[in-house]
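Take a look at the structure below.
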Amino acid sequence: MEGANTSKCKLERSNLSGADMTGLQLVNVIMTGATLAGANLSASNLSGSKMQNTNLDSAVLTGCKLVDSDLSGSYFSNCRLQEVDDMSRADLSKCVFGGMDLTGWILEEAKLPGANLSGCTLLAGTDLSKANLSKCNLQGADLTGCKLTEAELSDANLQQCKLLAGTDLSGSNLSGCNLKEADLRGCNLSKANLMGTATDLSSADLTGCRLSEANLSGLNMQ
């Protein structure tokens with residue numbers, strides 16, 4: 001089926017476990033509630049697709065394009081991603097990523113409220129600028145070098161996260177965020193909003209952190 005055009009096709013609640021869907025044109029396809037566990041979607045174009053509550057456990061998404069797609073509530077654990085995947089403006093709210101390596105993913109302006117990214121790795125080259133990560137669980141994630149400029153991180157859990165030198169959080173909203181025991185050494189937090197008594201920076205390491213024009217009113221830094 002490589003290279004076949006199945007745009008606008010309806011595959012709701014279909015079982016496509018282990019299917020070879022390499023290089024398919026699946027633009028605007030409807031796959032709500034489908035099972036794609038172990039499927040090979042390498043180099044496929046799923047832009048604008050409706051894939052809410054889809055099971056993508058162990059699927060191969062190398063080079064897959066998911067721009068403007070709705071994947072809210074989907075399960076991504078154990079997916080294989082060897083190259084940059086474009087998920088700009090995708091809806092990934094309440095998705096489960098289970099400790100995956102998302103380094104290099106393009107998630108610019110993506111919606112991730114309530115998503116579970118605990119233990120994930122999102123190193124240099126990962127673009128989350130202007131992404132919505134409100135109430136997202138990023139506990140223990142490694143975000144060193146990640147681009148998070150103007151990202152929405154209000155009420156997110158960043159406890160024990162690594163956001164070292166090269167991590168750009170300038171202009172981001174971190175109000176009400178849990179940054180307890182986070183490692184922010186050398187991180188760029190200029191013009192970031194960290195205001196509010198609910199924002200917890202207790203035991204966090206901000207050595208060499210850039211905080212010019214940041215809003216720190218009402219912080220808990222004990």
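The way I read the labels, and the way they are meant: chains A, B, ... in the order of the structure tokens, residue 1 as the first residue of every chain, and ligand 1 as the first ligand shown, with later ones counted on from there.
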Using backbone DSSP assignments, extract all strand (DSSP E or B) residues from range 70-211 of chain A; output them as a PyMOL selection string. chain A and resi 70+75+80+86+91+96+101+106+111+116+121+127+132+137+142+147+152+157+162+168+173+178+183+188+193+200+205+210
Keeping C-alpha atoms, export the residues of the selection given above as a compact mmCIF listing (two decimals), in the first residue's frame.
```
# COMPACT_ATOMS: atom_id res chain seq x y z
CA ASP A 70 -6.48 15.62 16.60
CA TYR A 75 -1.75 6.20 23.74
CA ARG A 80 9.53 4.15 17.56
CA ASP A 86 6.10 17.19 12.66
CA ASP A 91 -4.14 18.32 19.63
CA VAL A 96 0.06 9.18 27.28
CA ASP A 101 12.35 9.94 23.71
CA ILE A 106 8.34 19.64 16.11
CA LYS A 111 -2.00 21.43 22.47
CA ASN A 116 1.37 12.51 30.56
CA THR A 121 13.32 12.99 27.06
CA ASP A 127 10.38 22.65 19.50
CA ASN A 132 -0.07 24.50 25.51
CA ASN A 137 2.64 15.82 33.87
CA ASP A 142 14.70 15.78 30.71
CA LYS A 147 12.70 25.30 23.01
CA GLU A 152 1.76 27.71 28.43
CA ASN A 157 4.02 19.20 37.13
CA LYS A 162 16.04 18.78 34.15
CA ASP A 168 14.65 28.38 26.59
CA ASN A 173 3.72 31.03 31.70
CA ASN A 178 5.30 22.49 40.46
CA ASP A 183 17.28 21.44 38.02
CA ASN A 188 16.59 31.02 30.31
CA ASN A 193 5.62 34.37 34.52
CA ASP A 200 6.50 25.77 43.96
CA ASP A 205 18.42 24.71 41.67
CA ARG A 210 18.50 33.99 33.56
```
Of the residues A:Leu189, A:Gly145, A:Leu216, A:Phe76, which is the one nearest to Ser175 in chain A, using only C-alpha atoms?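 Counting only C-alpha atoms, the residue closest to Ser175 in chain A is A:Leu216.
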Within 12 Å of Ala131 in chain A, counting only C-alpha atoms, which residues show up once you throw out same-chain ones fewer than 5 positions away? Write them as number ranges by chain, please. A: 87-93, 106-113, 126, 136, 147-154, 169, 172-173
Exercise: Arg13 in chain A partners within 8 Å, only C-alpha atoms, chain neighbours under 5 positions left out, as number ranges by chain: A: 31-35
Of the residues A:Asn15, A:Asn40, A:Ser72, A:Gln139, which is the one nearest to Asn53 in chain A, using only C-alpha atoms?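 Smallest distance to Asn53 in chain A is found for A:Ser72.
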Give me the residues near Leu56 in chain A as a PyMOL selection string, where near means some atom within 8 Å (using only C-alpha atoms) and where sequence neighbours in that chain fewer than 2 positions away do not count. chain A and resi 35-39+54+58-59+74-77+79
Please, could you write that set of residues out with N, CA, C and O atoms as a short mmCIF file (atom, residue, chain, number, x, y, z; two decimals), in the first residue's frame?
```cif
data_model
loop_
_atom_site.label_atom_id
_atom_site.label_comp_id
_atom_site.auth_asym_id
_atom_site.auth_seq_id
_atom_site.Cartn_x
_atom_site.Cartn_y
_atom_site.Cartn_z
N THR A 35 -7.33 1.03 16.55
CA THR A 35 -6.19 0.36 17.17
C THR A 35 -5.09 0.25 16.13
O THR A 35 -5.25 -0.42 15.10
N LEU A 36 -3.97 0.92 16.40
CA LEU A 36 -2.82 0.93 15.48
C LEU A 36 -1.58 0.38 16.19
O LEU A 36 -0.45 0.69 15.82
N ALA A 37 -1.80 -0.45 17.19
CA ALA A 37 -0.67 -1.02 17.95
C ALA A 37 0.25 -1.80 17.02
O ALA A 37 -0.19 -2.68 16.29
N GLY A 38 1.53 -1.43 17.03
CA GLY A 38 2.52 -2.13 16.22
C GLY A 38 2.45 -1.83 14.74
O GLY A 38 3.20 -2.41 13.95
N ALA A 39 1.58 -0.90 14.31
CA ALA A 39 1.47 -0.56 12.89
C ALA A 39 2.67 0.26 12.43
O ALA A 39 3.29 0.97 13.21
N THR A 54 -6.89 6.96 20.04
CA THR A 54 -6.28 5.91 19.22
C THR A 54 -5.16 5.22 19.99
O THR A 54 -4.39 5.85 20.69
N SER A 58 3.61 0.94 20.53
CA SER A 58 4.66 0.27 19.73
C SER A 58 4.55 0.54 18.24
O SER A 58 5.18 -0.16 17.43
N ALA A 59 3.76 1.53 17.82
CA ALA A 59 3.67 1.87 16.40
C ALA A 59 4.96 2.55 15.94
O ALA A 59 5.69 3.15 16.73
N SER A 74 -4.98 9.84 23.02
CA SER A 74 -4.34 8.68 22.41
C SER A 74 -3.17 8.16 23.24
O SER A 74 -2.61 8.86 24.09
N TYR A 75 -2.78 6.90 22.97
CA TYR A 75 -1.75 6.20 23.74
C TYR A 75 -0.54 5.97 22.84
O TYR A 75 -0.62 5.24 21.85
N PHE A 76 0.60 6.61 23.21
CA PHE A 76 1.80 6.59 22.37
C PHE A 76 2.94 5.74 22.94
O PHE A 76 4.00 5.67 22.33
N SER A 77 2.76 5.11 24.06
CA SER A 77 3.89 4.44 24.72
C SER A 77 4.59 3.44 23.79
O SER A 77 3.94 2.75 23.01
N CYS A 79 6.34 3.86 21.20
CA CYS A 79 6.43 4.17 19.77
C CYS A 79 7.89 4.32 19.35
O CYS A 79 8.74 4.73 20.15
#
```
Test item: residues at most 6 Å from Glu181 in chain A, only C-alpha atoms, excluding those fewer than 4 positions along its chain, as a short mmCIF file (atom, residue, chain, number, x, y, z; two decimals) with all heavy atoms, in the first residue's frame:
```cif
data_model
loop_
_atom_site.label_atom_id
_atom_site.label_comp_id
_atom_site.auth_asym_id
_atom_site.auth_seq_id
_atom_site.Cartn_x
_atom_site.Cartn_y
_atom_site.Cartn_z
N GLN A 159 8.14 18.64 38.60
CA GLN A 159 8.94 18.20 39.74
C GLN A 159 10.08 17.30 39.28
O GLN A 159 9.89 16.38 38.48
CB GLN A 159 8.07 17.46 40.75
CG GLN A 159 8.82 17.09 42.03
CD GLN A 159 7.88 16.50 43.08
OE1 GLN A 159 6.67 16.48 42.91
NE2 GLN A 159 8.45 16.02 44.16
N GLN A 160 11.30 17.62 39.76
CA GLN A 160 12.51 16.84 39.48
C GLN A 160 12.89 16.84 38.00
O GLN A 160 13.63 15.99 37.53
CB GLN A 160 12.36 15.40 39.99
CG GLN A 160 12.17 15.33 41.50
CD GLN A 160 11.89 13.93 41.99
OE1 GLN A 160 11.37 13.09 41.26
NE2 GLN A 160 12.24 13.65 43.24
N SER A 203 13.48 23.74 46.94
CA SER A 203 14.62 22.83 46.68
C SER A 203 15.04 22.80 45.22
O SER A 203 15.82 21.93 44.81
CB SER A 203 14.31 21.41 47.15
OG SER A 203 14.01 21.38 48.54
N ALA A 204 14.52 23.73 44.39
CA ALA A 204 14.94 23.80 42.99
C ALA A 204 16.31 24.47 42.90
O ALA A 204 16.67 25.30 43.75
CB ALA A 204 13.92 24.58 42.16
#
```
Just checking: using only C-alpha atoms, which residue out of A:Leu66, A:Leu201, A:Ile30, A:Met21 ends up closest to Met51 in chain A? A:Ile30
Selection near Leu219 in chain A, 10 Å with only C-alpha atoms, sequence-local residues under 3 positions removed, as a PyMOL selection string: chain A and resi 175-176+194-202+215-216+222
Provide the CA of Leu26 in chain A to CA of Asn55 in chain A distance in Å, to one decimal place. 16.8 Å
